[in-house]
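See below for upload-v4.txt, which holds compact mmCIF, C-alpha atoms and all ligand atoms.
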# COMPACT_ATOMS: atom_id res chain seq x y z
CA MET A 854 -23.69 -25.16 22.40
CA PRO A 855 -25.11 -21.65 22.06
CA ARG A 856 -23.97 -19.90 18.88
CA PHE A 857 -22.31 -16.51 18.99
CA ARG A 858 -21.25 -14.05 16.37
CA ALA A 859 -18.12 -15.23 14.54
CA ILE A 860 -16.38 -11.91 15.25
CA LEU A 861 -16.13 -12.84 18.95
CA ASP A 862 -13.66 -15.61 18.05
CA THR A 863 -11.24 -13.18 16.44
CA MET A 864 -11.54 -10.21 18.78
CA PRO A 865 -8.58 -9.89 21.12
CA PRO A 866 -9.76 -9.29 24.69
CA TYR A 867 -9.18 -5.81 26.13
CA LYS A 868 -6.13 -5.96 28.38
CA PRO A 869 -6.54 -3.68 31.39
CA GLY A 870 -3.47 -2.31 33.13
CA ARG A 871 -2.31 -4.78 35.78
CA ALA A 872 -0.86 -3.91 39.16
CA VAL A 873 2.63 -5.19 39.94
CA VAL A 874 4.55 -5.30 43.24
CA SER A 875 8.34 -4.98 43.57
CA PRO A 876 10.27 -7.54 45.67
CA ASP A 877 10.40 -4.95 48.48
CA GLY A 878 6.64 -4.36 48.33
CA ARG A 879 6.30 -1.15 46.27
CA SER A 880 3.53 -0.77 43.72
CA TYR A 881 2.96 2.09 41.28
CA LYS A 882 0.26 1.83 38.64
CA LEU A 883 1.40 3.78 35.58
CA SER A 884 -0.49 1.65 33.09
CA SER A 885 -3.92 3.27 32.71
CA ASN A 886 -3.34 7.04 32.52
CA GLU A 887 -5.39 7.60 35.66
CA SER A 888 -5.10 10.57 37.99
CA PRO A 889 -2.66 9.62 40.76
CA TYR A 890 -4.53 11.80 43.26
CA ASP A 891 -7.14 10.80 45.82
CA PRO A 892 -10.58 12.19 45.01
CA LEU A 893 -11.21 15.73 46.30
CA PRO A 894 -13.04 15.85 49.66
CA SER A 895 -15.83 17.93 48.08
CA VAL A 896 -16.35 15.27 45.42
CA VAL A 897 -16.35 12.44 47.97
CA GLU A 898 -18.91 14.42 49.96
CA ALA A 899 -21.16 14.78 46.92
CA ILE A 900 -20.91 11.04 46.28
CA ALA A 901 -21.69 10.28 49.93
CA GLY A 902 -24.76 12.51 49.69
CA GLY A 903 -25.77 10.83 46.45
CA ALA A 904 -25.43 7.41 48.09
CA ARG A 905 -28.50 8.19 50.18
CA GLN A 906 -30.63 8.31 47.03
CA ILE A 907 -29.55 5.16 45.27
CA ASN A 908 -32.81 3.31 45.90
CA ARG A 909 -34.13 5.54 43.07
CA TYR A 910 -33.19 5.38 39.40
CA PRO A 911 -30.89 8.18 38.28
CA ASP A 912 -32.21 11.18 36.37
CA PRO A 913 -32.50 9.59 32.90
CA GLY A 914 -31.80 12.89 31.16
CA ALA A 915 -28.93 13.75 33.54
CA VAL A 916 -30.26 17.29 33.34
CA LYS A 917 -28.01 18.90 35.97
CA LEU A 918 -24.84 17.42 34.55
CA THR A 919 -25.83 18.16 30.96
CA GLU A 920 -26.49 21.78 31.88
CA ALA A 921 -23.27 22.04 33.87
CA VAL A 922 -21.25 20.76 30.90
CA ALA A 923 -23.10 23.05 28.49
CA GLU A 924 -22.47 26.04 30.71
CA ARG A 925 -18.83 25.18 31.31
CA PHE A 926 -18.08 25.00 27.58
CA ASP A 927 -20.55 27.62 26.46
CA VAL A 928 -22.48 25.29 24.15
CA PRO A 929 -26.22 24.60 23.90
CA ALA A 930 -27.39 21.74 26.15
CA ALA A 931 -28.76 20.08 23.00
CA HIS A 932 -25.15 19.72 21.81
CA VAL A 933 -24.19 17.60 24.84
CA ALA A 934 -24.67 13.83 25.08
CA LEU A 935 -23.47 11.90 28.13
CA GLY A 936 -22.50 8.28 28.51
CA PRO A 937 -20.95 5.91 31.05
CA GLY A 938 -17.43 6.77 29.93
CA SER A 939 -16.50 8.36 26.63
CA VAL A 940 -15.68 4.89 25.28
CA THR A 941 -19.34 4.06 25.65
CA VAL A 942 -20.28 7.30 23.92
CA ALA A 943 -18.04 6.19 21.05
CA GLN A 944 -19.77 2.82 21.10
CA GLN A 945 -23.10 4.62 20.80
CA LEU A 946 -21.80 6.44 17.73
CA PHE A 947 -20.89 3.09 16.19
CA GLU A 948 -24.31 1.81 17.17
CA ALA A 949 -25.90 4.83 15.54
CA MET A 950 -24.11 4.64 12.21
CA GLY A 951 -22.40 1.30 11.87
CA GLU A 952 -23.62 -1.59 9.78
CA PRO A 953 -21.97 -4.30 7.73
CA GLY A 954 -20.39 -2.87 4.60
CA THR A 955 -19.48 0.43 6.23
CA GLU A 956 -16.02 1.56 7.27
CA VAL A 957 -14.37 3.57 10.01
CA VAL A 958 -10.97 5.17 9.49
CA TYR A 959 -8.51 5.69 12.31
CA ALA A 960 -4.77 5.89 12.84
CA TRP A 961 -2.87 2.91 14.11
CA ARG A 962 -1.53 2.57 16.63
CA SER A 963 -4.13 4.56 18.49
CA PHE A 964 -6.64 3.89 21.26
CA GLU A 965 -7.15 0.15 21.77
CA ALA A 966 -10.91 0.48 22.11
CA TYR A 967 -11.42 1.58 18.48
CA PRO A 968 -10.95 -1.83 16.82
CA LEU A 969 -13.07 -3.53 19.48
CA LEU A 970 -15.94 -1.11 19.00
CA ALA A 971 -15.74 -1.40 15.22
CA ASP A 972 -15.70 -5.21 15.37
CA LEU A 973 -18.66 -5.29 17.75
CA ALA A 974 -20.65 -2.99 15.48
CA GLY A 975 -19.80 -5.02 12.37
CA VAL A 976 -17.98 -2.04 10.89
CA THR A 977 -14.77 -2.59 8.92
CA SER A 978 -11.71 -0.92 10.43
CA VAL A 979 -9.43 0.94 8.05
CA ARG A 980 -6.23 1.52 9.99
CA VAL A 981 -3.86 4.14 8.67
CA PRO A 982 -0.33 3.65 10.00
CA LEU A 983 1.18 6.49 12.02
CA ALA A 984 3.97 8.35 10.25
CA ASP A 985 6.70 7.88 12.86
CA GLU A 986 4.55 8.59 15.92
CA ASP A 987 2.13 11.10 14.34
CA HIS A 988 -1.22 10.89 12.59
CA ASP A 989 -0.77 10.75 8.82
CA LEU A 990 -3.72 12.96 7.98
CA ASP A 991 -3.07 12.95 4.23
CA ALA A 992 -3.21 9.16 4.16
CA MET A 993 -6.29 9.23 6.38
CA ALA A 994 -8.07 11.63 4.01
CA GLU A 995 -7.14 9.35 1.11
CA ALA A 996 -8.55 6.32 2.97
CA ILE A 997 -12.02 7.87 3.03
CA ASN A 998 -14.43 6.49 0.40
CA GLU A 999 -18.16 6.09 -0.13
CA ARG A 1000 -18.31 3.34 2.50
CA THR A 1001 -16.74 5.52 5.21
CA ARG A 1002 -19.14 6.62 7.92
CA MET A 1003 -16.76 7.84 10.57
CA VAL A 1004 -13.16 8.95 11.18
CA LEU A 1005 -11.67 8.78 14.66
CA VAL A 1006 -8.91 11.26 15.46
CA CYS A 1007 -7.29 10.86 18.86
CA ASN A 1008 -5.64 14.15 19.80
CA PRO A 1009 -3.32 13.86 21.70
CA ASN A 1010 -2.90 10.29 20.48
CA ASN A 1011 -3.05 7.40 22.91
CA PRO A 1012 -0.50 5.74 23.26
CA THR A 1013 2.12 7.94 21.54
CA GLY A 1014 1.16 11.26 23.20
CA THR A 1015 1.73 13.14 19.94
CA SER A 1016 -0.61 15.93 18.83
CA ILE A 1017 -2.02 17.37 15.66
CA ARG A 1018 -1.61 21.12 15.13
CA ARG A 1019 -4.42 23.48 14.18
CA ALA A 1020 -3.50 24.17 10.55
CA GLU A 1021 -3.03 20.48 9.74
CA LEU A 1022 -6.27 19.47 11.41
CA GLU A 1023 -8.28 22.23 9.74
CA ALA A 1024 -6.87 21.30 6.34
CA PHE A 1025 -7.85 17.69 7.01
CA LEU A 1026 -11.37 18.58 8.13
CA ASP A 1027 -11.78 20.60 4.93
CA ARG A 1028 -11.10 17.43 2.94
CA VAL A 1029 -13.59 15.18 4.76
CA PRO A 1030 -16.98 14.87 3.00
CA GLY A 1031 -19.85 16.37 4.97
CA ASP A 1032 -21.61 13.01 5.41
CA VAL A 1033 -18.65 11.47 7.23
CA LEU A 1034 -18.54 12.11 10.97
CA VAL A 1035 -15.17 13.15 12.38
CA VAL A 1036 -14.81 12.28 16.05
CA LEU A 1037 -12.08 14.24 17.84
CA ASP A 1038 -11.25 12.10 20.86
CA GLU A 1039 -9.85 14.59 23.35
CA ALA A 1040 -9.61 12.42 26.47
CA TYR A 1041 -6.38 14.22 27.41
CA ARG A 1042 -7.31 17.77 26.42
CA GLU A 1043 -6.75 19.19 29.92
CA TYR A 1044 -3.07 18.21 29.74
CA VAL A 1045 -2.39 20.07 26.47
CA ARG A 1046 -0.07 23.06 26.85
CA ASP A 1047 1.00 23.64 23.23
CA ALA A 1048 -1.17 26.58 22.11
CA ASP A 1049 -0.96 25.30 18.53
CA VAL A 1050 -2.89 22.14 19.40
CA PRO A 1051 -6.48 23.11 18.70
CA ASP A 1052 -9.32 22.72 21.18
CA GLY A 1053 -11.86 20.66 19.23
CA LEU A 1054 -14.63 22.83 20.63
CA THR A 1055 -13.31 25.71 18.52
CA LEU A 1056 -13.45 23.48 15.43
CA TYR A 1057 -16.85 21.83 15.70
CA ARG A 1058 -19.01 24.95 15.86
CA ASP A 1059 -19.17 25.66 12.14
CA ARG A 1060 -18.71 22.03 11.08
CA PRO A 1061 -21.84 19.90 11.47
CA ASN A 1062 -19.89 16.69 10.82
CA VAL A 1063 -17.34 17.23 13.59
CA CYS A 1064 -17.82 16.28 17.23
CA VAL A 1065 -15.64 16.09 20.33
CA LEU A 1066 -15.36 13.36 22.96
CA ARG A 1067 -14.25 14.25 26.47
CA THR A 1068 -14.14 12.34 29.72
CA PHE A 1069 -14.20 12.75 33.49
CA SER A 1070 -11.94 9.69 33.79
CA LYS A 1071 -8.52 11.27 33.41
CA ALA A 1072 -7.87 14.87 34.50
CA TYR A 1073 -11.01 14.94 36.65
CA GLY A 1074 -10.09 11.72 38.43
CA LEU A 1075 -13.41 9.86 38.11
CA ALA A 1076 -12.25 6.77 36.17
CA GLY A 1077 -13.97 4.47 38.66
CA LEU A 1078 -17.40 6.04 38.18
CA ARG A 1079 -17.61 5.99 34.37
CA VAL A 1080 -18.81 9.23 32.88
CA GLY A 1081 -17.89 10.96 29.63
CA TYR A 1082 -19.59 13.07 26.99
CA LEU A 1083 -19.82 14.17 23.42
CA ILE A 1084 -20.19 17.73 22.23
CA GLY A 1085 -21.49 17.98 18.70
CA HIS A 1086 -24.30 19.40 16.64
CA GLU A 1087 -27.85 18.47 17.50
CA PRO A 1088 -28.31 15.54 15.08
CA VAL A 1089 -25.08 13.93 16.31
CA ALA A 1090 -25.85 14.43 20.01
CA ALA A 1091 -29.40 13.22 19.40
CA ALA A 1092 -28.14 10.04 17.72
CA VAL A 1093 -26.01 9.30 20.77
CA ARG A 1094 -28.94 9.89 23.10
CA LYS A 1095 -31.14 7.58 21.04
CA THR A 1096 -28.66 4.75 21.23
CA THR A 1097 -28.03 5.13 24.97
CA LEU A 1098 -29.76 2.65 27.23
CA PRO A 1099 -31.96 4.39 29.77
CA PHE A 1100 -30.20 5.35 33.04
CA ALA A 1101 -26.76 4.61 31.55
CA VAL A 1102 -24.99 7.26 33.63
CA ASN A 1103 -25.54 6.31 37.25
CA HIS A 1104 -26.56 8.73 39.99
CA LEU A 1105 -23.19 8.79 41.78
CA ALA A 1106 -21.38 9.50 38.52
CA GLN A 1107 -23.78 12.35 37.78
CA VAL A 1108 -23.35 14.03 41.18
CA ALA A 1109 -19.59 13.46 41.21
CA ALA A 1110 -19.19 14.98 37.75
CA VAL A 1111 -21.24 18.04 38.71
CA ALA A 1112 -19.14 18.44 41.88
CA SER A 1113 -15.95 18.03 39.83
CA LEU A 1114 -16.95 20.85 37.50
CA GLN A 1115 -17.61 22.98 40.58
CA ALA A 1116 -14.15 22.10 41.89
CA GLU A 1117 -12.49 22.43 38.52
CA ASP A 1118 -9.88 24.98 39.61
CA GLU A 1119 -8.57 22.59 42.24
CA LEU A 1120 -8.53 19.69 39.80
CA LEU A 1121 -6.75 21.69 37.12
CA GLU A 1122 -4.05 22.67 39.65
CA ARG A 1123 -3.35 18.97 39.95
CA VAL A 1124 -3.21 18.70 36.18
CA ASP A 1125 -0.56 21.46 36.23
CA ILE A 1126 1.52 19.39 38.62
CA VAL A 1127 1.23 16.35 36.35
CA VAL A 1128 2.27 18.50 33.38
CA LYS A 1129 5.38 19.67 35.28
CA GLU A 1130 6.18 16.07 36.13
CA ARG A 1131 5.69 15.14 32.48
CA THR A 1132 8.38 17.64 31.50
CA ARG A 1133 10.69 16.37 34.24
CA VAL A 1134 10.20 12.71 33.26
CA ARG A 1135 10.65 13.33 29.54
CA GLU A 1136 13.80 15.40 30.07
CA ALA A 1137 15.26 12.79 32.41
CA LEU A 1138 14.56 10.04 29.87
CA ILE A 1139 16.19 12.05 27.10
CA ALA A 1140 19.20 12.65 29.37
CA GLN A 1141 19.37 8.86 29.82
CA GLY A 1142 19.60 8.53 26.04
CA TRP A 1143 16.01 7.57 25.21
CA VAL A 1144 14.08 8.87 22.23
CA VAL A 1145 10.80 10.22 23.62
CA PRO A 1146 8.22 11.80 21.30
CA PRO A 1147 6.90 15.16 22.50
CA THR A 1148 3.80 14.47 24.57
CA GLU A 1149 0.82 16.67 25.40
CA ALA A 1150 -0.89 13.94 27.44
CA ASN A 1151 -0.34 12.46 30.91
CA PHE A 1152 1.94 9.72 29.60
CA VAL A 1153 5.12 9.14 27.64
CA TRP A 1154 5.76 6.64 24.85
CA LEU A 1155 8.92 4.63 24.34
CA ARG A 1156 9.32 2.75 21.09
CA LEU A 1157 11.07 -0.42 22.23
CA GLY A 1158 10.25 -2.89 19.46
CA ASP A 1159 11.30 -6.43 20.45
CA ARG A 1160 12.47 -5.28 23.86
CA THR A 1161 9.04 -4.04 24.95
CA LEU A 1162 8.05 -6.96 27.17
CA ASP A 1163 11.52 -7.12 28.73
CA PHE A 1164 11.20 -3.45 29.52
CA ALA A 1165 7.84 -4.01 31.21
CA GLU A 1166 9.44 -6.74 33.32
CA ALA A 1167 12.29 -4.43 34.26
CA CYS A 1168 9.78 -1.80 35.38
CA ALA A 1169 7.89 -4.43 37.40
CA VAL A 1170 11.06 -5.07 39.42
CA GLU A 1171 10.74 -1.44 40.61
CA GLY A 1172 7.04 -1.97 41.32
CA VAL A 1173 6.02 0.04 38.24
CA SER A 1174 3.31 -1.28 35.95
CA VAL A 1175 3.42 0.18 32.45
CA ARG A 1176 1.35 -0.57 29.36
CA PRO A 1177 3.38 -2.68 26.93
CA PHE A 1178 2.32 -3.23 23.33
CA ALA A 1179 4.38 -6.26 22.38
CA GLY A 1180 6.78 -5.65 19.52
CA GLU A 1181 5.99 -1.93 19.45
CA GLY A 1182 6.56 0.03 22.62
CA ALA A 1183 5.45 0.95 26.10
CA ARG A 1184 3.19 3.72 27.33
CA VAL A 1185 3.95 4.99 30.80
CA SER A 1186 1.57 7.26 32.68
CA ILE A 1187 2.83 10.23 34.63
CA GLY A 1188 2.07 9.61 38.29
CA GLU A 1189 3.11 11.07 41.60
CA PRO A 1190 6.82 12.06 41.84
CA GLU A 1191 7.74 8.90 43.78
CA ALA A 1192 6.19 6.69 41.10
CA ASN A 1193 7.90 8.66 38.34
CA ASP A 1194 11.24 8.32 40.13
CA ALA A 1195 10.78 4.55 40.39
CA PHE A 1196 10.04 4.45 36.66
CA LEU A 1197 13.12 6.58 35.86
CA THR A 1198 15.26 4.24 37.97
CA ALA A 1199 13.97 1.25 36.00
CA ALA A 1200 14.42 3.03 32.67
CA SER A 1201 17.98 4.02 33.52
CA ALA A 1202 18.92 0.48 34.61
CA PHE A 1203 17.36 -0.96 31.44
CA ARG A 1204 19.31 1.45 29.26
CA ARG A 1205 22.59 0.24 30.84
C1 LIG A 1301 -8.86 6.93 28.53
C2 LIG A 1301 -9.40 7.27 27.21
C3 LIG A 1301 -10.76 7.53 27.04
C4 LIG A 1301 -11.65 7.61 28.22
O1 LIG A 1301 -12.44 6.56 28.38
P1 LIG A 1301 -13.63 6.60 29.43
O2 LIG A 1301 -14.54 5.59 28.88
O3 LIG A 1301 -14.21 7.97 29.41
O4 LIG A 1301 -13.03 6.24 30.73
C5 LIG A 1301 -11.22 7.84 25.78
N1 LIG A 1301 -10.40 7.93 24.75
C6 LIG A 1301 -9.08 7.71 24.89
C7 LIG A 1301 -8.20 7.88 23.73
C8 LIG A 1301 -8.55 7.37 26.12
O5 LIG A 1301 -7.24 7.14 26.23
In structure tokens, write the structure found in this file.
Amino acid sequence: MPRFRAILDTMPPYKPGRAVVSPDGRSYKLSSNESPYDPLPSVVEAIAGGARQINRYPDPGAVKLTEAVAERFDVPAAHVALGPGSVTVAQQLFEAMGEPGTEVVYAWRSFEAYPLLADLAGVTSVRVPLADEDHDLDAMAEAINERTRMVLVCNPNNPTGTSIRRAELEAFLDRVPGDVLVVLDEAYREYVRDADVPDGLTLYRDRPNVCVLRTFSKAYGLAGLRVGYLIGHEPVAAAVRKTTLPFAVNHLAQVAAVASLQAEDELLERVDIVVKERTRVREALIAQGWVVPPTEANFVWLRLGDRTLDFAEACAVEGVSVRPFAGEGARVSIGEPEANDAFLTAASAFRR
């Protein structure tokens, strides 16, 4: 019997969102925070063009995409590091700084990938409970010690949708020692409308130990191609590049991401529609009597406790797949209006 690392026996497997079908054949996937829209024709065209070159390895430096990201956000190209999804970029950060005896601090509940990445890297997770549904930044600052290498801050937080405001986040960053990397995971940044929720790119510039993770998977609708990036100071971006396997971001992902930046106005119009739907869904839920934390992301969070799995089953009857966290609550993505209506129907029936 081949021997594996002991940690593999204790790691829970990642549970992807599953599709469900209602008795009358309807199916709405609101479990993975994806864009509900078909890819833009211009992006499909770029991918089709790219398909004719796939006998060749991709550009290992992803020069065009790196420059397009740098230009879009007005940062030096040396501050940009790409990866096959921002989760993989986070994994590269763990790879770059994690070793047994070191710690990573993050809120809990937050993004499910964090504990997996920490376990894989042999880094000890220090989970700081949310205060209600929000990051408890004071407790997180207090959890930092000489073993801490990294702090992950998911803003807006997945799965609760809650956000940290500028003053709070700046005060927290001021407390973090300069040799601890703070990773601002902004996978949902494009959905933020509250002007008080800071853009991490305005915070990292004069803070060498702060970096930002972004992705093409959500607002840009490229979840299936896997491409995300980090923006941080040169040593941080360089560490990510060093720990990336060659050719990690494939050619189709590179061309699709470049085309998506070119078509950004069109994509962000779709984000606006999702944001409007988010308001509609949250207000309807509140009118039904639910408690729904304010959300700046493309999903809502319902704290259901023991009723969480029953709720997921009730949604499945309407063909709606949600993301249940047993004993805690359910995260429900904002989809197209028809999907949102099906979810609201299920939520209303469950309430009664
Ligand atoms: C979806 C998500 C990501 C994006 O992951 P990719 O690997 O880029 O698809 C990153 N962070 C959080 C918190 C997310 O919810």
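Shell of Ala1167 (chain A) at 8 Å, with all atoms listed in the file counted and residues fewer than 3 places along the chain excluded, is Asp1163, Phe1164, Val1170, Glu1171, Ala1199, Ala1200 and Phe1203 of chain A.
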Here CA of Ser1186 (chain A) and CA of Arg980 (chain A) stand apart by 24.7 Å
Exercise answer, 9 Å around ligand LIG 1301 (chain A) with all atoms listed in the file, as an MDAnalysis selection string: chainID A and resid 885:887 936:943 963:967 1006:1012 1038:1041 1066:1071 1075:1082
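Here the selection is built from only C-alpha atoms, and the residues within 10 Å of (1.7, 21.5, 33.3) turn out to be Glu1043, Tyr1044, Val1045, Arg1046, Leu1121, Glu1122, Arg1123, Val1124, Asp1125, Ile1126, Val1127, Val1128, Lys1129, Glu1130, Arg1131, Thr1132, Glu1149, Ala1150 and Asn1151 of chain A.
Of the listed residues (A:Leu1197, A:Val1153, A:Ala904, A:Val1063), A:Val1153 comes nearest to Arg1176 (chain A); the distances count all atoms listed in the file.
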Closest pair table for region 1083-1193 of chain A residues within 6 Å of region 913-932 of chain A, all atoms listed in the file, as a tab-separated table:
residue	atom	partner	partner_atom	distance
A:Ile1084	CA	A:His932	CA	5.4
A:Gly1085	CA	A:His932	CA	5.1
A:His1086	CA	A:His932	CA	5.2
A:Glu1087	CA	A:His932	CA	5.2
A:Ala1090	CA	A:His932	CA	5.6
A:Phe1100	CA	A:Pro913	CA	4.8
A:Val1111	CA	A:Leu918	CA	5.5
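Across the model, the gap from CA of Ala1092 (chain A) to CA of Asp1052 (chain A) is 23.0 Å.
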Please determine, counting all atoms listed in the file, which residue among A:Leu883, A:Ala901, A:Ala949, A:Val1036 has the shortest atom-to-atom distance to Trp1154 (chain A). A:Leu883
Using only the atoms of region 959-966 of chain A listed in the file, plus 5 Å on each side, state the axis-aligned box centre and edge lengths in Å rounded to one decimal, as lines of an AutoDock Vina configuration file.
center_x = -6.2
center_y = 3.0
center_z = 17.2
size_x = 19.4
size_y = 15.7
size_z = 19.8
Spatial neighbours of Ile907 (chain A), 9 Å, all atoms listed in the file, chain gap at least 4 places, as JSON, numbers by chain: {"A": [903, 911, 1104, 1105]}
Excluding same-chain residues fewer than 6 positions from Asp1049 (chain A), what lies within 10 Å of it counting only C-alpha atoms, as a ChimeraX atom specification? /A:1016-1020
Using all atoms listed in the file and a cutoff of 9 Å, can you tell me which residues are near (-14.6, 3.5, 2.1) in the file's coordinates, and write them out as a list in words? Gly954, Thr955, Glu956, Val957, Val958, Val979, Ala996, Ile997, Asn998, Glu999, Arg1000, Thr1001 and Arg1002 of chain A
Write a file of the selected residues as a PDB file, in the frame of the given file, keeping C-alpha atoms.
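Contents of out04.pdb, freshly written:
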ATOM      1  CA  GLY A 954     -20.390  -2.870   4.600  1.00  0.00           C
ATOM      2  CA  THR A 955     -19.480   0.430   6.230  1.00  0.00           C
ATOM      3  CA  GLU A 956     -16.020   1.560   7.270  1.00  0.00           C
ATOM      4  CA  VAL A 957     -14.370   3.570  10.010  1.00  0.00           C
ATOM      5  CA  VAL A 958     -10.970   5.170   9.490  1.00  0.00           C
ATOM      6  CA  VAL A 979      -9.430   0.940   8.050  1.00  0.00           C
ATOM      7  CA  ALA A 996      -8.550   6.320   2.970  1.00  0.00           C
ATOM      8  CA  ILE A 997     -12.020   7.870   3.030  1.00  0.00           C
ATOM      9  CA  ASN A 998     -14.430   6.490   0.400  1.00  0.00           C
ATOM     10  CA  GLU A 999     -18.160   6.090  -0.130  1.00  0.00           C
ATOM     11  CA  ARG A1000     -18.310   3.340   2.500  1.00  0.00           C
ATOM     12  CA  THR A1001     -16.740   5.520   5.210  1.00  0.00           C
ATOM     13  CA  ARG A1002     -19.140   6.620   7.920  1.00  0.00           C
TER      14      ARG A1002
END
Restricting to all atoms listed in the file, whichever of A:Ala1024, A:Leu970, A:Val981, A:Val1134 is closest to Glu1189 (chain A) is A:Val1134
Just to confirm, what's the straight-line distance from CA of Ala984 (chain A) to CA of Gly1014 (chain A) in Å (one decimal)? 13.6 Å
